[in-house]
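S.K.: The structure that follows is given in the form of structure tokens.
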Amino acid sequence: MVQAARSGKQNIAEGCMASGISKETEIKLIGVARASLEELLIDYQDFLRVRGLKLWDKNDPKILEIREIGRRKDRLYKSYLIYLEDPSEEVVANTIICLVHQTNYLFDQQLRRLEEQFIKEGGIRERMFNARLNERNKKKE
């Protein structure tokens, strides 16, 4: 679990650092981060199953409360503490599962945007090729 969470975080950071140089690399790293969080999601679902705890439905009242926090403009990490510091393993695990689902949704939106941008603008190779071509054409004139 720890490795999947850490890998997700690290790939987000690496993807952001690569964004100025290569959209292709950024897309790949965000995809790897998304996959790491999917692994984390499965780990938490297994955690609940092995312990005989309930996996809450996406329309469970507590899940709806947690999802509502994400819509607030004043949300902070502290906004989730009531759930994350709950003595019940079921509450904590389901809260994390909900947060992973929300994060994965945001990743999916970001990946769609990055792919559209890549299709429109191309990657660094295309931009460098066009720059070289433009430079050659200037010299010929």
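Labels for the structure tokens follow display order: chains A, B, ..., residues from 1 in each chain, ligands from 1.
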Any idea what's packed within 10 Å of Trp56 (chain A), counting only C-alpha atoms, ignoring anything in its chain fewer than 5 positions away? Could you give it as an MDAnalysis selection string?
M.R.: chainID A and resid 48 61:63 90:91 93:95 97:98
S.K.: To one decimal place, how far is CA of Gln117 (chain A) from CA of Lys23 (chain A) in Å?
M.R.: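 Atom-to-atom, CA of Gln117 (chain A) and CA of Lys23 (chain A) are spaced 8.4 Å apart.
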S.K.: Of the candidates A:Lys28, A:Arg6, A:Arg34, A:Lys140, which one gets nearest to Phe107 (chain A) if we count only C-alpha atoms?
M.R.: A:Arg34
S.K.: With a cut-off of 10 Å, could you pull out the residues of region 23-61 of chain A touching region 65-72 of chain A and give me the nearest pair of atoms for each, distance in Å to one decimal, using only C-alpha atoms, ordered by chain and ascending number, as JSON lines?
M.R.:
{"residue": "A:Lys58", "atom": "CA", "partner": "A:Arg67", "partner_atom": "CA", "distance": 9.3}
{"residue": "A:Asn59", "atom": "CA", "partner": "A:Glu65", "partner_atom": "CA", "distance": 9.7}
{"residue": "A:Asp60", "atom": "CA", "partner": "A:Glu65", "partner_atom": "CA", "distance": 8.8}
{"residue": "A:Pro61", "atom": "CA", "partner": "A:Glu65", "partner_atom": "CA", "distance": 6.3}
S.K.: Could you please determine the separation between CA of Asn130 (chain A) and CA of Glu24 (chain A) in Å, to one decimal place?
M.R.: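 The value is 17.1 Å.
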S.K.: Tell me which protein, DNA and RNA residues are within 12 Å of Cys16 (chain A), counting only C-alpha atoms, leaving out same-chain ones fewer than 3 positions away, and put them as a VMD selection string.
M.R.: chain A and resid 9 to 13 19 to 30 33 110 114
S.K.: Taking 3 positions as the minimum chain separation for residues in the same chain, which residues sit within 6 Å of Leu40 (chain A) when counting only C-alpha atoms? Answer as a list in words.
M.R.: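 Surrounding residues, per the criterion: Met1, Ala4, Leu37 and Asp43 of chain A.
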S.K.: Write down as a PyMOL selection string the residues of region 27-141 of chain A whose backbone DSSP state falls under helix (DSSP H, G or I).
M.R.: chain A and resi 27-50+61-71+77-84+89-121+124-140
S.K.: Find the distance between CA of Tyr105 (chain A) and CA of Glu38 (chain A) and write it in Å to one decimal.
M.R.: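 That distance, rounded to one decimal, is 11.1 Å.
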S.K.: May I ask which of the residues A:Val92, A:Gln3, A:Glu116, A:Pro87 is the closest one to Gln45 (chain A), counting only C-alpha atoms?
M.R.: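 Ranked by minimum distance to Gln45 (chain A), first place goes to A:Val92.
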